[in-house]
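Pasted below: work-v4.cif, mmCIF, C-alpha atoms.
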data_work
loop_
_atom_site.label_atom_id
_atom_site.label_comp_id
_atom_site.auth_asym_id
_atom_site.auth_seq_id
_atom_site.Cartn_x
_atom_site.Cartn_y
_atom_site.Cartn_z
CA ASP U 250 118.51 236.09 -165.02
CA THR U 251 119.84 236.52 -161.48
CA GLU U 252 119.27 233.04 -160.18
CA VAL U 253 121.12 229.84 -159.48
CA THR U 254 118.91 226.89 -160.36
CA GLN U 255 119.39 223.52 -158.73
CA THR U 256 117.76 220.27 -159.75
CA PRO U 257 116.31 218.11 -158.46
CA LYS U 258 114.86 219.82 -155.37
CA HIS U 259 114.51 216.50 -153.57
CA LEU U 260 116.36 213.22 -154.10
CA VAL U 261 116.13 209.88 -152.34
CA MET U 262 118.78 207.35 -153.23
CA GLY U 263 120.01 204.00 -152.03
CA MET U 264 123.56 203.42 -150.91
CA THR U 265 124.38 201.53 -154.13
CA ASN U 266 122.86 204.08 -156.48
CA LYS U 267 124.57 206.60 -158.71
CA LYS U 268 122.90 209.98 -159.06
CA SER U 269 123.84 213.51 -160.03
CA LEU U 270 122.93 216.96 -158.78
CA LYS U 271 122.79 219.78 -161.27
CA CYS U 272 123.39 223.49 -160.84
CA GLU U 273 122.98 226.16 -163.50
CA GLN U 274 123.51 229.92 -163.65
CA HIS U 275 123.34 232.41 -166.50
CA MET U 276 124.78 235.46 -164.79
CA GLY U 277 128.19 235.11 -166.41
CA HIS U 278 129.74 234.14 -163.10
CA ARG U 279 133.08 232.35 -163.44
CA ALA U 280 133.26 230.80 -159.96
CA MET U 281 130.91 228.11 -158.72
CA TYR U 282 130.71 226.32 -155.41
CA TRP U 283 129.22 223.26 -153.73
CA TYR U 284 128.25 223.41 -150.08
CA LYS U 285 126.75 220.75 -147.81
CA GLN U 286 124.43 221.73 -144.99
CA LYS U 287 123.19 219.47 -142.20
CA ALA U 288 120.15 220.42 -140.14
CA LYS U 289 120.71 223.42 -137.85
CA LYS U 290 124.34 223.70 -138.96
CA PRO U 291 126.04 226.25 -141.21
CA PRO U 292 126.86 225.36 -144.80
CA GLU U 293 130.19 223.58 -145.21
CA LEU U 294 132.31 224.26 -148.28
CA MET U 295 132.99 221.19 -150.42
CA PHE U 296 134.35 222.35 -153.79
CA VAL U 297 135.22 225.53 -155.62
CA TYR U 298 135.51 225.87 -159.39
CA SER U 299 137.13 228.87 -160.97
CA TYR U 300 136.97 229.32 -164.75
CA GLU U 301 135.76 225.71 -165.06
CA LYS U 302 138.78 224.34 -163.21
CA LEU U 303 138.68 222.77 -159.76
CA SER U 304 140.29 225.29 -157.42
CA ILE U 305 139.50 223.95 -153.97
CA ASN U 306 138.57 220.48 -152.70
CA GLU U 307 137.94 220.56 -148.98
CA SER U 308 139.09 216.95 -148.50
CA VAL U 309 135.73 215.65 -149.63
CA PRO U 310 135.37 211.83 -149.90
CA SER U 311 135.72 210.46 -153.41
CA ARG U 312 132.11 209.25 -153.41
CA PHE U 313 131.36 212.90 -154.26
CA SER U 314 132.69 213.83 -157.69
CA PRO U 315 132.25 217.37 -159.02
CA GLU U 316 132.22 218.33 -162.66
CA CYS U 317 132.07 221.69 -164.42
CA PRO U 318 131.26 221.04 -168.12
CA ASN U 319 131.04 224.77 -168.95
CA SER U 320 130.90 228.15 -167.30
CA SER U 321 127.16 227.91 -166.63
CA LEU U 322 126.84 224.39 -165.35
CA LEU U 323 128.09 222.54 -162.29
CA ASN U 324 127.34 218.94 -161.47
CA LEU U 325 127.91 216.82 -158.39
CA HIS U 326 128.03 213.09 -159.09
CA LEU U 327 127.12 210.84 -156.20
CA HIS U 328 128.07 207.19 -155.80
CA ALA U 329 127.97 204.74 -152.89
CA LEU U 330 126.81 207.35 -150.42
CA GLN U 331 126.18 206.70 -146.76
CA PRO U 332 123.11 207.67 -144.72
CA GLU U 333 125.20 210.35 -142.96
CA ASP U 334 125.58 212.07 -146.34
CA SER U 335 121.91 213.03 -146.17
CA ALA U 336 121.82 216.81 -146.17
CA LEU U 337 120.87 219.92 -148.11
CA TYR U 338 123.35 220.41 -150.96
CA LEU U 339 123.75 224.02 -151.99
CA CYS U 340 125.27 225.43 -155.12
CA ALA U 341 126.50 229.02 -155.33
CA SER U 342 128.18 231.24 -157.87
CA SER U 343 130.09 234.51 -157.85
CA GLN U 344 131.58 236.79 -160.46
CA THR U 345 135.05 235.44 -159.83
CA GLN U 346 136.66 233.46 -157.06
CA GLY U 347 136.22 236.24 -154.59
CA THR U 348 133.44 237.52 -152.41
CA SER U 349 132.70 240.86 -153.97
CA PRO U 350 129.77 241.39 -154.24
CA GLY U 351 129.01 238.06 -152.61
CA TYR U 352 127.68 234.70 -153.64
CA THR U 353 124.33 233.86 -155.18
CA PHE U 354 122.98 230.61 -153.79
CA GLY U 355 120.47 228.19 -155.21
CA SER U 356 117.65 226.77 -153.13
CA GLY U 357 119.43 223.48 -152.74
CA THR U 358 118.79 219.79 -153.26
CA ARG U 359 117.48 217.93 -150.24
CA LEU U 360 119.26 214.55 -150.41
CA THR U 361 118.18 211.52 -148.42
CA VAL U 362 120.32 208.39 -148.51
CA VAL U 363 118.51 205.21 -147.48
CA LEU Y 70 141.23 231.53 -142.42
CA ALA Y 71 139.69 233.87 -139.87
CA LYS Y 72 137.17 232.26 -137.51
CA THR Y 73 134.01 234.14 -136.67
CA THR Y 74 132.03 234.17 -133.43
CA GLN Y 75 128.40 235.27 -133.24
CA PRO Y 76 125.67 235.02 -130.61
CA ILE Y 77 123.77 231.77 -131.03
CA SER Y 78 120.36 233.41 -130.89
CA MET Y 79 118.58 236.73 -130.43
CA ASP Y 80 114.99 237.74 -129.86
CA SER Y 81 113.40 240.99 -130.94
CA TYR Y 82 110.01 242.59 -131.50
CA GLU Y 83 108.53 243.94 -134.68
CA GLY Y 84 109.58 247.50 -135.44
CA GLN Y 85 112.76 247.37 -133.39
CA GLU Y 86 116.29 247.81 -134.67
CA VAL Y 87 118.40 244.68 -134.34
CA ASN Y 88 122.17 244.68 -134.12
CA ILE Y 89 124.09 241.43 -134.50
CA THR Y 90 127.79 241.57 -133.73
CA CYS Y 91 130.38 239.20 -135.15
CA SER Y 92 133.87 238.80 -133.76
CA HIS Y 93 136.74 237.98 -136.14
CA ASN Y 94 139.95 238.65 -134.25
CA ASN Y 95 142.24 237.00 -136.83
CA ILE Y 96 140.93 238.83 -139.86
CA ALA Y 97 143.58 239.25 -142.56
CA THR Y 98 144.40 242.38 -144.49
CA ASN Y 99 142.67 241.29 -147.68
CA ASP Y 100 139.59 239.72 -146.04
CA TYR Y 101 136.11 241.05 -146.72
CA ILE Y 102 133.22 240.72 -144.27
CA THR Y 103 129.96 239.42 -145.68
CA TRP Y 104 126.57 238.73 -144.11
CA TYR Y 105 123.95 236.30 -145.35
CA GLN Y 106 120.37 235.54 -144.32
CA GLN Y 107 118.95 232.03 -144.50
CA PHE Y 108 115.39 230.78 -144.13
CA PRO Y 109 114.66 227.08 -143.48
CA SER Y 110 115.23 224.82 -146.50
CA GLN Y 111 116.46 227.70 -148.65
CA GLY Y 112 119.88 228.81 -149.75
CA PRO Y 113 121.55 231.73 -147.98
CA ARG Y 114 120.79 235.16 -149.38
CA PHE Y 115 123.43 237.87 -149.61
CA ILE Y 116 122.64 240.86 -147.39
CA ILE Y 117 125.67 243.13 -147.29
CA GLN Y 118 129.43 243.18 -147.62
CA GLY Y 119 132.13 245.55 -146.42
CA TYR Y 120 135.83 246.00 -145.85
CA LYS Y 121 135.99 248.88 -143.39
CA THR Y 122 133.94 251.73 -141.87
CA LYS Y 123 130.25 251.71 -142.72
CA VAL Y 124 128.26 250.27 -145.58
CA THR Y 125 124.52 250.77 -146.07
CA ASN Y 126 122.08 249.34 -148.56
CA GLU Y 127 118.31 249.15 -148.82
CA VAL Y 128 117.97 246.37 -146.21
CA ALA Y 129 120.82 246.75 -143.72
CA SER Y 130 123.89 248.58 -142.50
CA LEU Y 131 127.26 247.12 -141.68
CA PHE Y 132 129.54 248.79 -139.19
CA ILE Y 133 133.22 247.85 -139.11
CA PRO Y 134 135.58 249.51 -136.59
CA ALA Y 135 139.05 250.62 -137.55
CA ASP Y 136 140.74 247.47 -136.20
CA ARG Y 137 138.30 245.28 -138.20
CA LYS Y 138 138.27 242.66 -135.44
CA SER Y 139 134.50 242.78 -135.27
CA SER Y 140 131.54 243.89 -137.32
CA THR Y 141 127.91 244.69 -136.59
CA LEU Y 142 124.97 244.01 -138.85
CA SER Y 143 122.15 246.44 -138.22
CA LEU Y 144 118.60 245.63 -139.36
CA PRO Y 145 116.27 248.63 -139.02
CA ARG Y 146 112.66 248.09 -137.96
CA VAL Y 147 112.51 244.31 -138.24
CA SER Y 148 109.33 242.46 -139.15
CA LEU Y 149 108.17 238.90 -138.54
CA SER Y 150 109.58 237.93 -141.94
CA ASP Y 151 113.09 238.77 -140.74
CA THR Y 152 113.03 235.69 -138.53
CA ALA Y 153 115.95 233.71 -139.95
CA VAL Y 154 119.54 232.65 -139.38
CA TYR Y 155 122.15 235.34 -140.06
CA TYR Y 156 125.68 234.32 -140.95
CA CYS Y 157 128.80 236.41 -140.75
CA LEU Y 158 131.57 235.35 -143.12
CA VAL Y 159 135.14 236.48 -143.42
CA GLY Y 160 136.95 235.46 -146.57
CA GLY Y 161 140.24 235.97 -148.27
CA LEU Y 162 143.04 234.43 -150.23
CA ASN Y 163 144.71 231.33 -148.92
CA THR Y 164 147.05 228.78 -150.38
CA GLY Y 165 144.24 226.97 -152.12
CA GLY Y 166 142.61 230.02 -153.57
CA PHE Y 167 139.92 232.35 -152.35
CA LYS Y 168 137.26 230.89 -150.09
CA THR Y 169 134.91 231.87 -147.34
CA ILE Y 170 133.77 229.77 -144.43
CA PHE Y 171 130.44 230.12 -142.68
CA GLY Y 172 130.38 230.66 -138.93
CA ALA Y 173 127.76 229.09 -136.69
CA GLY Y 174 125.21 231.81 -137.39
CA THR Y 175 122.75 233.76 -135.23
CA ARG Y 176 119.14 232.65 -135.06
CA LEU Y 177 117.01 235.80 -134.93
CA PHE Y 178 113.43 235.38 -133.77
CA VAL Y 179 111.14 238.38 -134.27
CA LYS Y 180 108.01 238.45 -132.19
CA ALA Y 181 104.79 240.37 -132.74
#

Once you've parsed the file, please lay out its structure as structure tokens.
Amino acid sequence: DTEVTQTPKHLVMGMTNKKSLKCEQHMGHRAMYWYKQKAKKPPELMFVYSYEKLSINESVPSRFSPECPNSSLLNLHLHALQPEDSALYLCASSQTQGTSPGYTFGSGTRLTVV
Amino acid sequence: LAKTTQPISMDSYEGQEVNITCSHNNIATNDYITWYQQFPSQGPRFIIQGYKTKVTNEVASLFIPADRKSSTLSLPRVSLSDTAVYYCLVGGLNTGGFKTIFGAGTRLFVKA
């Protein structure tokens, strides 16, 4: 298995809702990442987990809460989001917290906040 | 973290070789250079990575001069399906750990 699987593919949520995005990989990678991508912009790093521990938080608002229950699974819990949080949310993984031989990305969750 | 600069867009024709250059003047000693391809509504796909000199794989070549302040992604004989955004990333250790930041990307449009 050489894929990163993200679910759901599409999500519409209200500003008072609580939802979660899920990311799974079975490549034995020990680093996992959340990125946010707005239309026609590059992906922006949000969080990095290394060996199931939060390594980097790029000053992301607390309405986004990451969780890494085990080495294969990464969640992003969403609460009280704003319409400007609508974006493509990408998960990635790598062997360790380094770039060699690069990240494997999932196809993303398209999030719309109404 | 080293900032990267790429052309915003490029046009090419099928069968041509395309070279996309990325500038990273502040690259650090332990930084790697990585290129990704992204199609609309998909996650980026790893193309190639290098540290210095030349790296080649089945889809591309990466040329890195001795001073490492720039790099060039070379795509041989492009096809219509190579129309995508290409990102150059430079990543290395920093106080918070190891991370890489995407640059603005180059939109490549391949015409028939």

**OP:** Please evaluate the PyMOL selection byres ((chain Y and resi 102-115) around 7) against the structure above and give the resulting residues as a ChimeraX atom specification.
**Re:** /U:339,351-357 /Y:100-101,116-120,153-160

Given the selection you just returned, output its residues as a file containing C-alpha atoms, formatted as a short mmCIF file (atom, residue, chain, number, x, y, z; two decimals), in the coordinates of the input.
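For reference, selection_21.cif as written:
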data_model
loop_
_atom_site.label_atom_id
_atom_site.label_comp_id
_atom_site.auth_asym_id
_atom_site.auth_seq_id
_atom_site.Cartn_x
_atom_site.Cartn_y
_atom_site.Cartn_z
CA LEU U 339 123.75 224.02 -151.99
CA GLY U 351 129.01 238.06 -152.61
CA TYR U 352 127.68 234.70 -153.64
CA THR U 353 124.33 233.86 -155.18
CA PHE U 354 122.98 230.61 -153.79
CA GLY U 355 120.47 228.19 -155.21
CA SER U 356 117.65 226.77 -153.13
CA GLY U 357 119.43 223.48 -152.74
CA ASP Y 100 139.59 239.72 -146.04
CA TYR Y 101 136.11 241.05 -146.72
CA ILE Y 116 122.64 240.86 -147.39
CA ILE Y 117 125.67 243.13 -147.29
CA GLN Y 118 129.43 243.18 -147.62
CA GLY Y 119 132.13 245.55 -146.42
CA TYR Y 120 135.83 246.00 -145.85
CA ALA Y 153 115.95 233.71 -139.95
CA VAL Y 154 119.54 232.65 -139.38
CA TYR Y 155 122.15 235.34 -140.06
CA TYR Y 156 125.68 234.32 -140.95
CA CYS Y 157 128.80 236.41 -140.75
CA LEU Y 158 131.57 235.35 -143.12
CA VAL Y 159 135.14 236.48 -143.42
CA GLY Y 160 136.95 235.46 -146.57
#

**OP:** Taking the file as shown, find all residues satisfying the PyMOL selection byres ((chain U and resi 340) around 12) and write them as a count of residues only.
**Re:** 48

**OP:** Give me, please, the distance in Å between atom CA of Lys180 of chain Y and atom CA of Asp80 of chain Y, quoted to one decimal.
**Re:** 7.4 Å

**OP:** Using all atoms listed in the file, pick whichever of U:Gly277, U:Pro291, U:Gly263, U:Pro310 has the shortest atom-to-atom distance to chain Y.
**Re:** U:Pro291

Residue by residue, what does the PyMOL selection byres ((chain Y and resi 143) around 12) grab here? Present the result as an mmCIF file with C-alpha atoms, in the coordinates of the input.
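Everything below was put into expr_19.cif:
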data_model
loop_
_atom_site.group_PDB
_atom_site.id
_atom_site.type_symbol
_atom_site.label_atom_id
_atom_site.label_comp_id
_atom_site.auth_asym_id
_atom_site.auth_seq_id
_atom_site.Cartn_x
_atom_site.Cartn_y
_atom_site.Cartn_z
ATOM 1 C CA GLN Y 85 112.760 247.370 -133.390
ATOM 2 C CA GLU Y 86 116.290 247.810 -134.670
ATOM 3 C CA VAL Y 87 118.400 244.680 -134.340
ATOM 4 C CA ASN Y 88 122.170 244.680 -134.120
ATOM 5 C CA ILE Y 89 124.090 241.430 -134.500
ATOM 6 C CA THR Y 90 127.790 241.570 -133.730
ATOM 7 C CA CYS Y 91 130.380 239.200 -135.150
ATOM 8 C CA TRP Y 104 126.570 238.730 -144.110
ATOM 9 C CA ILE Y 116 122.640 240.860 -147.390
ATOM 10 C CA ILE Y 117 125.670 243.130 -147.290
ATOM 11 C CA LYS Y 123 130.250 251.710 -142.720
ATOM 12 C CA VAL Y 124 128.260 250.270 -145.580
ATOM 13 C CA THR Y 125 124.520 250.770 -146.070
ATOM 14 C CA ASN Y 126 122.080 249.340 -148.560
ATOM 15 C CA GLU Y 127 118.310 249.150 -148.820
ATOM 16 C CA VAL Y 128 117.970 246.370 -146.210
ATOM 17 C CA ALA Y 129 120.820 246.750 -143.720
ATOM 18 C CA SER Y 130 123.890 248.580 -142.500
ATOM 19 C CA LEU Y 131 127.260 247.120 -141.680
ATOM 20 C CA PHE Y 132 129.540 248.790 -139.190
ATOM 21 C CA ILE Y 133 133.220 247.850 -139.110
ATOM 22 C CA SER Y 140 131.540 243.890 -137.320
ATOM 23 C CA THR Y 141 127.910 244.690 -136.590
ATOM 24 C CA LEU Y 142 124.970 244.010 -138.850
ATOM 25 C CA LEU Y 144 118.600 245.630 -139.360
ATOM 26 C CA PRO Y 145 116.270 248.630 -139.020
ATOM 27 C CA ARG Y 146 112.660 248.090 -137.960
ATOM 28 C CA VAL Y 147 112.510 244.310 -138.240
ATOM 29 C CA TYR Y 155 122.150 235.340 -140.060
#

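Reported to one decimal place, the separation of atom CA of Val309 of chain U from atom CA of Lys72 of chain Y is 20.6 Å.
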